[in-house]
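Student: The file below is target_31.pdb, PDB, C-alpha atoms and all ligand atoms:
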```pdb
ATOM      1  CA  MET E1078     -51.902 -98.296 -84.337  1.00  0.00           C
ATOM      2  CA  MET E1079     -55.040 -96.201 -84.204  1.00  0.00           C
ATOM      3  CA  TYR E1080     -57.679 -95.724 -86.864  1.00  0.00           C
ATOM      4  CA  ILE E1081     -61.392 -95.010 -87.186  1.00  0.00           C
ATOM      5  CA  ASP E1082     -63.989 -97.615 -88.120  1.00  0.00           C
ATOM      6  CA  LYS E1083     -67.662 -96.623 -88.465  1.00  0.00           C
ATOM      7  CA  HIS E1084     -67.002 -93.440 -86.455  1.00  0.00           C
ATOM      8  CA  HIS E1085     -65.431 -95.325 -83.560  1.00  0.00           C
ATOM      9  CA  LEU E1086     -61.792 -95.249 -82.509  1.00  0.00           C
ATOM     10  CA  MET E1087     -59.887 -98.496 -82.957  1.00  0.00           C
ATOM     11  CA  GLN E1088     -56.659 -99.255 -81.119  1.00  0.00           C
ATOM     12  CA  ASP E1089     -54.607-102.391 -81.798  1.00  0.00           C
ATOM     13  CA  GLY E1090     -57.507-103.921 -83.717  1.00  0.00           C
ATOM     14  CA  HIS E1091     -60.136-103.339 -81.030  1.00  0.00           C
ATOM     15  CA  ASN E1092     -62.660-100.616 -80.292  1.00  0.00           C
ATOM     16  CA  VAL E1093     -61.453 -98.438 -77.428  1.00  0.00           C
ATOM     17  CA  ASP E1094     -63.822 -98.453 -74.443  1.00  0.00           C
ATOM     18  CA  PHE E1095     -67.128 -96.958 -75.580  1.00  0.00           C
ATOM     19  CA  LEU E1096     -69.450 -95.628 -72.879  1.00  0.00           C
ATOM     20  CA  PRO E1097     -72.325 -93.921 -74.684  1.00  0.00           C
ATOM     21  CA  THR E1098     -73.714 -90.740 -73.213  1.00  0.00           C
ATOM     22  CA  PRO E1099     -77.272 -89.444 -73.607  1.00  0.00           C
ATOM     23  CA  ASN E1100     -75.722 -86.000 -74.165  1.00  0.00           C
ATOM     24  CA  MET E1101     -75.448 -85.970 -77.937  1.00  0.00           C
ATOM     25  CA  GLY E1102     -77.193 -84.442 -80.921  1.00  0.00           C
ATOM     26  CA  GLY E1103     -77.616 -85.294 -84.585  1.00  0.00           C
ATOM     27  CA  THR E1104     -75.210 -86.058 -87.380  1.00  0.00           C
ATOM     28  CA  ILE E1105     -72.261 -83.755 -88.037  1.00  0.00           C
ATOM     29  CA  THR E1106     -69.405 -83.479 -90.519  1.00  0.00           C
ATOM     30  CA  PRO E1107     -66.528 -82.334 -88.307  1.00  0.00           C
ATOM     31  CA  GLN E1108     -64.144 -79.655 -89.567  1.00  0.00           C
ATOM     32  CA  TYR E1109     -62.219 -78.837 -86.385  1.00  0.00           C
ATOM     33  CA  LEU E1110     -60.601 -80.676 -83.504  1.00  0.00           C
ATOM     34  CA  VAL E1111     -61.260 -78.884 -80.196  1.00  0.00           C
ATOM     35  CA  LEU E1112     -59.168 -79.648 -77.107  1.00  0.00           C
ATOM     36  CA  HIS E1113     -60.314 -79.185 -73.510  1.00  0.00           C
ATOM     37  CA  TYR E1114     -59.239 -79.987 -69.994  1.00  0.00           C
ATOM     38  CA  THR E1115     -61.615 -81.560 -67.504  1.00  0.00           C
ATOM     39  CA  ALA E1116     -60.640 -79.374 -64.512  1.00  0.00           C
ATOM     40  CA  GLY E1117     -60.740 -82.599 -62.514  1.00  0.00           C
ATOM     41  CA  GLY E1118     -58.485 -85.316 -61.240  1.00  0.00           C
ATOM     42  CA  SER E1119     -59.606 -88.611 -62.742  1.00  0.00           C
ATOM     43  CA  ALA E1120     -60.765 -90.028 -66.054  1.00  0.00           C
ATOM     44  CA  ALA E1121     -63.411 -92.090 -64.227  1.00  0.00           C
ATOM     45  CA  GLY E1122     -64.843 -88.933 -62.669  1.00  0.00           C
ATOM     46  CA  ALA E1123     -64.919 -87.136 -66.025  1.00  0.00           C
ATOM     47  CA  VAL E1124     -66.559 -90.077 -67.798  1.00  0.00           C
ATOM     48  CA  SER E1125     -69.123 -90.432 -65.025  1.00  0.00           C
ATOM     49  CA  TRP E1126     -70.047 -86.738 -65.238  1.00  0.00           C
ATOM     50  CA  LEU E1127     -70.129 -86.574 -69.039  1.00  0.00           C
ATOM     51  CA  THR E1128     -72.342 -89.673 -69.291  1.00  0.00           C
ATOM     52  CA  SER E1129     -74.857 -88.422 -66.718  1.00  0.00           C
ATOM     53  CA  ALA E1130     -77.943 -86.748 -68.156  1.00  0.00           C
ATOM     54  CA  GLN E1131     -77.779 -83.990 -65.536  1.00  0.00           C
ATOM     55  CA  SER E1132     -74.449 -82.648 -66.856  1.00  0.00           C
ATOM     56  CA  LYS E1133     -75.906 -81.854 -70.295  1.00  0.00           C
ATOM     57  CA  ALA E1134     -72.266 -82.003 -71.422  1.00  0.00           C
ATOM     58  CA  SER E1135     -70.130 -84.495 -73.285  1.00  0.00           C
ATOM     59  CA  ALA E1136     -67.127 -84.914 -75.532  1.00  0.00           C
ATOM     60  CA  HIS E1137     -66.255 -87.481 -78.149  1.00  0.00           C
ATOM     61  CA  LEU E1138     -63.280 -88.721 -76.128  1.00  0.00           C
ATOM     62  CA  VAL E1139     -61.805 -88.518 -72.644  1.00  0.00           C
ATOM     63  CA  ILE E1140     -58.038 -89.086 -72.416  1.00  0.00           C
ATOM     64  CA  GLY E1141     -56.611 -89.924 -68.995  1.00  0.00           C
ATOM     65  CA  ARG E1142     -53.275 -88.786 -67.658  1.00  0.00           C
ATOM     66  CA  ASP E1143     -51.908 -92.279 -68.379  1.00  0.00           C
ATOM     67  CA  GLY E1144     -53.070 -92.011 -72.005  1.00  0.00           C
ATOM     68  CA  LYS E1145     -56.096 -94.302 -71.580  1.00  0.00           C
ATOM     69  CA  ILE E1146     -58.882 -93.344 -73.990  1.00  0.00           C
ATOM     70  CA  THR E1147     -62.652 -93.640 -73.548  1.00  0.00           C
ATOM     71  CA  GLN E1148     -65.097 -92.753 -76.322  1.00  0.00           C
ATOM     72  CA  LEU E1149     -68.501 -91.336 -75.357  1.00  0.00           C
ATOM     73  CA  VAL E1150     -69.929 -90.138 -78.690  1.00  0.00           C
ATOM     74  CA  PRO E1151     -69.455 -91.488 -82.253  1.00  0.00           C
ATOM     75  CA  PHE E1152     -67.385 -88.997 -84.268  1.00  0.00           C
ATOM     76  CA  ASN E1153     -70.244 -88.296 -86.708  1.00  0.00           C
ATOM     77  CA  ARG E1154     -72.607 -87.210 -83.941  1.00  0.00           C
ATOM     78  CA  CYS E1155     -72.757 -83.845 -82.183  1.00  0.00           C
ATOM     79  CA  ALA E1156     -71.142 -83.819 -78.718  1.00  0.00           C
ATOM     80  CA  TRP E1157     -71.870 -81.033 -76.233  1.00  0.00           C
ATOM     81  CA  HIS E1158     -68.428 -79.689 -75.376  1.00  0.00           C
ATOM     82  CA  ALA E1159     -68.054 -76.199 -76.834  1.00  0.00           C
ATOM     83  CA  GLY E1160     -71.086 -74.253 -75.602  1.00  0.00           C
ATOM     84  CA  LYS E1161     -71.463 -70.723 -76.941  1.00  0.00           C
ATOM     85  CA  SER E1162     -68.509 -70.446 -79.284  1.00  0.00           C
ATOM     86  CA  ARG E1163     -67.225 -68.830 -82.443  1.00  0.00           C
ATOM     87  CA  TRP E1164     -64.412 -69.604 -84.871  1.00  0.00           C
ATOM     88  CA  ASN E1165     -63.627 -68.632 -88.424  1.00  0.00           C
ATOM     89  CA  GLY E1166     -67.057 -67.014 -88.833  1.00  0.00           C
ATOM     90  CA  PHE E1167     -68.909 -70.079 -87.517  1.00  0.00           C
ATOM     91  CA  ASP E1168     -71.039 -70.105 -84.367  1.00  0.00           C
ATOM     92  CA  ASN E1169     -71.818 -73.167 -82.232  1.00  0.00           C
ATOM     93  CA  LEU E1170     -68.725 -75.243 -82.861  1.00  0.00           C
ATOM     94  CA  ASN E1171     -70.427 -78.336 -81.441  1.00  0.00           C
ATOM     95  CA  GLU E1172     -72.019 -78.736 -84.858  1.00  0.00           C
ATOM     96  CA  LEU E1173     -68.643 -78.612 -86.609  1.00  0.00           C
ATOM     97  CA  SER E1174     -66.107 -80.253 -84.353  1.00  0.00           C
ATOM     98  CA  ILE E1175     -64.775 -83.271 -82.548  1.00  0.00           C
ATOM     99  CA  GLY E1176     -64.157 -82.536 -78.866  1.00  0.00           C
ATOM    100  CA  ILE E1177     -61.520 -84.184 -76.690  1.00  0.00           C
ATOM    101  CA  GLU E1178     -61.414 -83.804 -72.903  1.00  0.00           C
ATOM    102  CA  LEU E1179     -57.925 -84.199 -71.418  1.00  0.00           C
ATOM    103  CA  VAL E1180     -57.885 -85.092 -67.723  1.00  0.00           C
ATOM    104  CA  ASN E1181     -56.093 -82.166 -66.085  1.00  0.00           C
ATOM    105  CA  ALA E1182     -56.795 -80.053 -63.010  1.00  0.00           C
ATOM    106  CA  GLY E1183     -56.269 -76.803 -64.903  1.00  0.00           C
ATOM    107  CA  MET E1184     -55.517 -73.596 -63.051  1.00  0.00           C
ATOM    108  CA  LEU E1185     -53.921 -74.086 -59.630  1.00  0.00           C
ATOM    109  CA  THR E1186     -53.659 -71.875 -56.576  1.00  0.00           C
ATOM    110  CA  LEU E1187     -50.555 -71.309 -54.448  1.00  0.00           C
ATOM    111  CA  LYS E1188     -51.162 -71.422 -50.701  1.00  0.00           C
ATOM    112  CA  ASN E1189     -48.350 -71.414 -48.120  1.00  0.00           C
ATOM    113  CA  GLY E1190     -45.899 -72.512 -50.811  1.00  0.00           C
ATOM    114  CA  ASP E1191     -48.035 -75.444 -52.010  1.00  0.00           C
ATOM    115  CA  TRP E1192     -49.808 -75.717 -55.351  1.00  0.00           C
ATOM    116  CA  ARG E1193     -53.352 -77.021 -55.040  1.00  0.00           C
ATOM    117  CA  THR E1194     -56.158 -77.930 -57.447  1.00  0.00           C
ATOM    118  CA  PRO E1195     -59.616 -76.313 -57.144  1.00  0.00           C
ATOM    119  CA  SER E1196     -60.594 -79.327 -54.988  1.00  0.00           C
ATOM    120  CA  GLN E1197     -57.550 -78.642 -52.752  1.00  0.00           C
ATOM    121  CA  THR E1198     -55.513 -81.659 -53.900  1.00  0.00           C
ATOM    122  CA  LEU E1199     -51.783 -81.028 -53.512  1.00  0.00           C
ATOM    123  CA  VAL E1200     -49.837 -80.871 -56.803  1.00  0.00           C
ATOM    124  CA  ALA E1201     -46.070 -81.512 -56.731  1.00  0.00           C
ATOM    125  CA  ASP E1202     -43.916 -78.585 -57.901  1.00  0.00           C
ATOM    126  CA  ASP E1203     -42.520 -80.579 -60.837  1.00  0.00           C
ATOM    127  CA  ASP E1204     -46.094 -81.216 -62.027  1.00  0.00           C
ATOM    128  CA  VAL E1205     -46.724 -77.460 -62.378  1.00  0.00           C
ATOM    129  CA  VAL E1206     -46.180 -75.074 -65.289  1.00  0.00           C
ATOM    130  CA  VAL E1207     -46.079 -71.393 -64.341  1.00  0.00           C
ATOM    131  CA  ALA E1208     -47.208 -69.365 -67.339  1.00  0.00           C
ATOM    132  CA  VAL E1209     -49.365 -66.476 -68.544  1.00  0.00           C
ATOM    133  CA  HIS E1210     -52.499 -67.615 -70.376  1.00  0.00           C
ATOM    134  CA  LYS E1211     -52.685 -66.092 -73.866  1.00  0.00           C
ATOM    135  CA  ASN E1212     -56.012 -64.428 -72.941  1.00  0.00           C
ATOM    136  CA  ASP E1213     -54.692 -63.117 -69.595  1.00  0.00           C
ATOM    137  CA  THR E1214     -51.870 -60.896 -68.327  1.00  0.00           C
ATOM    138  CA  VAL E1215     -51.016 -62.558 -65.002  1.00  0.00           C
ATOM    139  CA  GLU E1216     -48.642 -65.490 -64.428  1.00  0.00           C
ATOM    140  CA  ARG E1217     -50.433 -68.462 -62.839  1.00  0.00           C
ATOM    141  CA  GLY E1218     -49.808 -72.134 -62.072  1.00  0.00           C
ATOM    142  CA  TRP E1219     -51.220 -74.902 -64.291  1.00  0.00           C
ATOM    143  CA  GLN E1220     -51.019 -78.671 -64.017  1.00  0.00           C
ATOM    144  CA  LYS E1221     -48.674 -80.284 -66.552  1.00  0.00           C
ATOM    145  CA  TYR E1222     -49.909 -82.723 -69.187  1.00  0.00           C
ATOM    146  CA  PRO E1223     -47.930 -86.005 -68.922  1.00  0.00           C
ATOM    147  CA  GLU E1224     -46.102 -87.176 -72.036  1.00  0.00           C
ATOM    148  CA  ALA E1225     -48.221 -90.368 -72.220  1.00  0.00           C
ATOM    149  CA  GLN E1226     -51.351 -88.214 -72.457  1.00  0.00           C
ATOM    150  CA  VAL E1227     -49.898 -85.888 -75.113  1.00  0.00           C
ATOM    151  CA  LEU E1228     -48.717 -88.847 -77.223  1.00  0.00           C
ATOM    152  CA  ALA E1229     -52.081 -90.627 -76.930  1.00  0.00           C
ATOM    153  CA  CYS E1230     -53.826 -87.443 -78.043  1.00  0.00           C
ATOM    154  CA  ALA E1231     -51.394 -87.144 -80.969  1.00  0.00           C
ATOM    155  CA  ALA E1232     -52.133 -90.696 -82.115  1.00  0.00           C
ATOM    156  CA  VAL E1233     -55.868 -89.931 -81.912  1.00  0.00           C
ATOM    157  CA  ALA E1234     -55.461 -86.669 -83.821  1.00  0.00           C
ATOM    158  CA  ARG E1235     -53.559 -88.411 -86.635  1.00  0.00           C
ATOM    159  CA  ALA E1236     -56.312 -91.030 -86.936  1.00  0.00           C
ATOM    160  CA  LEU E1237     -59.015 -88.338 -86.939  1.00  0.00           C
ATOM    161  CA  PHE E1238     -57.254 -86.189 -89.553  1.00  0.00           C
ATOM    162  CA  ALA E1239     -56.845 -89.290 -91.734  1.00  0.00           C
ATOM    163  CA  GLU E1240     -60.585 -90.019 -91.586  1.00  0.00           C
ATOM    164  CA  TYR E1241     -62.381 -86.650 -91.485  1.00  0.00           C
ATOM    165  CA  PRO E1242     -62.035 -83.358 -93.408  1.00  0.00           C
ATOM    166  CA  LEU E1243     -60.513 -81.568 -90.403  1.00  0.00           C
ATOM    167  CA  SER E1244     -58.632 -78.336 -90.990  1.00  0.00           C
ATOM    168  CA  GLU E1245     -57.382 -77.173 -87.574  1.00  0.00           C
ATOM    169  CA  ILE E1246     -56.577 -78.103 -83.977  1.00  0.00           C
ATOM    170  CA  ILE E1247     -57.907 -75.435 -81.619  1.00  0.00           C
ATOM    171  CA  GLY E1248     -58.558 -74.953 -77.923  1.00  0.00           C
ATOM    172  CA  HIS E1249     -61.773 -74.177 -76.082  1.00  0.00           C
ATOM    173  CA  ASP E1250     -59.949 -70.954 -75.118  1.00  0.00           C
ATOM    174  CA  ASP E1251     -59.730 -70.090 -78.851  1.00  0.00           C
ATOM    175  CA  ILE E1252     -63.425 -70.499 -79.611  1.00  0.00           C
ATOM    176  CA  ALA E1253     -64.808 -69.087 -76.313  1.00  0.00           C
ATOM    177  CA  PRO E1254     -61.962 -66.762 -75.230  1.00  0.00           C
ATOM    178  CA  PHE E1255     -63.979 -64.635 -72.795  1.00  0.00           C
ATOM    179  CA  ARG E1256     -65.532 -67.616 -71.041  1.00  0.00           C
ATOM    180  CA  LYS E1257     -63.077 -70.512 -71.147  1.00  0.00           C
ATOM    181  CA  ILE E1258     -59.382 -70.993 -70.319  1.00  0.00           C
ATOM    182  CA  ASP E1259     -58.899 -74.664 -71.258  1.00  0.00           C
ATOM    183  CA  PRO E1260     -56.689 -76.397 -72.353  1.00  0.00           C
ATOM    184  CA  GLY E1261     -54.545 -73.478 -71.123  1.00  0.00           C
ATOM    185  CA  PRO E1262     -50.846 -72.681 -71.369  1.00  0.00           C
ATOM    186  CA  ALA E1263     -49.632 -76.016 -69.955  1.00  0.00           C
ATOM    187  CA  TRP E1264     -50.918 -77.720 -73.127  1.00  0.00           C
ATOM    188  CA  PRO E1265     -47.990 -77.709 -75.604  1.00  0.00           C
ATOM    189  CA  MET E1266     -50.141 -76.601 -78.559  1.00  0.00           C
ATOM    190  CA  ASP E1267     -47.298 -75.529 -80.886  1.00  0.00           C
ATOM    191  CA  GLU E1268     -45.360 -78.761 -80.361  1.00  0.00           C
ATOM    192  CA  PHE E1269     -48.587 -80.740 -80.636  1.00  0.00           C
ATOM    193  CA  ARG E1270     -49.488 -79.198 -83.988  1.00  0.00           C
ATOM    194  CA  THR E1271     -45.956 -79.951 -85.187  1.00  0.00           C
ATOM    195  CA  LEU E1272     -46.401 -83.595 -84.087  1.00  0.00           C
ATOM    196  CA  ILE E1273     -49.503 -83.829 -86.277  1.00  0.00           C
ATOM    197  CA  PHE E1274     -48.670 -81.624 -89.249  1.00  0.00           C
ATOM    198  CA  GLY E1275     -44.872 -81.443 -89.153  1.00  0.00           C
ATOM    199  CA  LYS E1276     -43.151 -78.079 -89.422  1.00  0.00           C
ATOM    200  CA  ARG E1277     -45.036 -75.717 -91.719  1.00  0.00           C
TER     201      ARG E1277
HETATM  202 ZN    ZN E1301     -63.629 -76.908 -72.436  1.00  0.00          ZN
END
```
I'd like the structure from this file rewritten - as structure tokens, please.

Tutor:
Amino acid sequence: MMYIDKHHLMQDGHNVDFLPTPNMGGTITPQYLVLHYTAGGSAAGAVSWLTSAQSKASAHLVIGRDGKITQLVPFNRCAWHAGKSRWNGFDNLNELSIGIELVNAGMLTLKNGDWRTPSQTLVADDDVVVAVHKNDTVERGWQKYPEAQVLACAAVARALFAEYPLSEIIGHDDIAPFRKIDPGPAWPMDEFRTLIFGKR
């Protein structure tokens, strides 16, 4: 059971791991939930980067491929995940959104019949989705999101929608379509929205 207490995520009666980052701004009232991928391999690596001052980047949550959740920013504070962005007539979505980073390698390359991440880690064929990104015209390979990660993100989204006046779940590739491709076509956005809102 997940819920929010004082802008922190609670799971089974306890705060989830909270590792505060210096990369945060002032108070916000979030209206959107923005999903990202880390373009990396491990939750520890993502948390380490997003809590280092040099990255000048952060997100409210990092969700590992096993579904483990780490919070970096209270939900009523501005996290630095969206960059230059626009949605629904609003600019700078950082000021209006909760950002979640999903650990995922992102776009893969095929070399001699093997799929590899940008850091050249081999990805098994059954861990790959071949699809055309909605902002692209070419079929490419993308790392799958494990079910445990999707379900953890769904539980988080339900808790966030119960607590905050959120209106939509959107991707970084929706709010910065010429610059960003995450969470990409491997993220099951339609099914995910149905998990949260039901059919509508
Ligand atoms: Zn992103």

Student: Apply the PyMOL selection byres (((chain E and resi 1224) around 12) and not hetatm) to the structure shown and report the selected residues as a list in words.

Tutor: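 In the shown coordinates, the PyMOL selection byres (((chain E and resi 1224) around 12) and not hetatm) covers Gly1141, Arg1142, Asp1143, Gly1144, Asp1204, Lys1221, Tyr1222, Pro1223, Ala1225, Gln1226, Val1227, Leu1228, Ala1229, Cys1230, Ala1231, Ala1263, Trp1264, Pro1265, Glu1268 and Phe1269 of chain E.
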
Student: What does the PyMOL selection byres (((chain E and resi 1078) around 9) and not hetatm) select in this file, as a PDB file with C-alpha atoms, in the frame of the given file?

Tutor:
```pdb
ATOM      1  CA  MET E1079     -55.040 -96.201 -84.204  1.00  0.00           C
ATOM      2  CA  TYR E1080     -57.679 -95.724 -86.864  1.00  0.00           C
ATOM      3  CA  MET E1087     -59.887 -98.496 -82.957  1.00  0.00           C
ATOM      4  CA  GLN E1088     -56.659 -99.255 -81.119  1.00  0.00           C
ATOM      5  CA  ASP E1089     -54.607-102.391 -81.798  1.00  0.00           C
ATOM      6  CA  GLY E1090     -57.507-103.921 -83.717  1.00  0.00           C
ATOM      7  CA  ALA E1232     -52.133 -90.696 -82.115  1.00  0.00           C
ATOM      8  CA  ALA E1236     -56.312 -91.030 -86.936  1.00  0.00           C
TER       9      ALA E1236
END
```

Student: Show me which residues line ligand ZN 1301 (chain E), defined as having an atom within 8 Å of a ligand atom where all atoms listed in the file count, and present them as a PDB file with C-alpha atoms, in the coordinates of the input.

Tutor:
```
ATOM      1  CA  LEU E1112     -59.168 -79.648 -77.107  1.00  0.00           C
ATOM      2  CA  HIS E1113     -60.314 -79.185 -73.510  1.00  0.00           C
ATOM      3  CA  TYR E1114     -59.239 -79.987 -69.994  1.00  0.00           C
ATOM      4  CA  THR E1115     -61.615 -81.560 -67.504  1.00  0.00           C
ATOM      5  CA  HIS E1158     -68.428 -79.689 -75.376  1.00  0.00           C
ATOM      6  CA  ALA E1159     -68.054 -76.199 -76.834  1.00  0.00           C
ATOM      7  CA  GLU E1178     -61.414 -83.804 -72.903  1.00  0.00           C
ATOM      8  CA  GLY E1248     -58.558 -74.953 -77.923  1.00  0.00           C
ATOM      9  CA  HIS E1249     -61.773 -74.177 -76.082  1.00  0.00           C
ATOM     10  CA  ASP E1250     -59.949 -70.954 -75.118  1.00  0.00           C
ATOM     11  CA  LYS E1257     -63.077 -70.512 -71.147  1.00  0.00           C
ATOM     12  CA  ILE E1258     -59.382 -70.993 -70.319  1.00  0.00           C
ATOM     13  CA  ASP E1259     -58.899 -74.664 -71.258  1.00  0.00           C
ATOM     14  CA  PRO E1260     -56.689 -76.397 -72.353  1.00  0.00           C
TER      15      PRO E1260
END
```

Student: Between atom CA of E:Ala1116 and atom CA of E:Leu1199, what is the distance, to one decimal in Å?

Tutor: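 Those two atoms sit 14.2 Å apart.
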
Student: What is the atom CA of E:Leu1237 to atom CA of E:Leu1173 distance in Å?

Tutor: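 Atom CA of E:Leu1173 lies at a distance of 13.7 Å from atom CA of E:Leu1237.
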
Student: When you count all atoms listed in the file, which of these residues is closest to E:Ala1123: E:Ile1081, E:Leu1179, E:Val1215, E:Ile1247?

Tutor: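 Residue with the minimum atom-to-atom distance to E:Ala1123: E:Leu1179.
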
Student: Would you compute, for all listed atoms of stretch 1250-1264 of chain E, the axis-aligned bounding box grown by 5 Å on each side, and then report its centre and edge lengths in Å rounded to one decimal, as JSON?

Tutor:
```
{"center_x": -57.6, "center_y": -71.2, "center_z": -74.8, "size_x": 25.9, "size_y": 23.1, "size_z": 19.7}
```

Student: So which residues get picked by the PyMOL selection byres (((chain E and resi 1216) around 12) and not hetatm) here, written as a list in words?

Tutor: Met1184, Leu1185, Thr1186, Leu1187, Val1206, Val1207, Ala1208, Val1209, His1210, Lys1211, Asn1212, Asp1213, Thr1214, Val1215, Arg1217, Gly1218, Trp1219, Gly1261, Pro1262 and Ala1263 of chain E
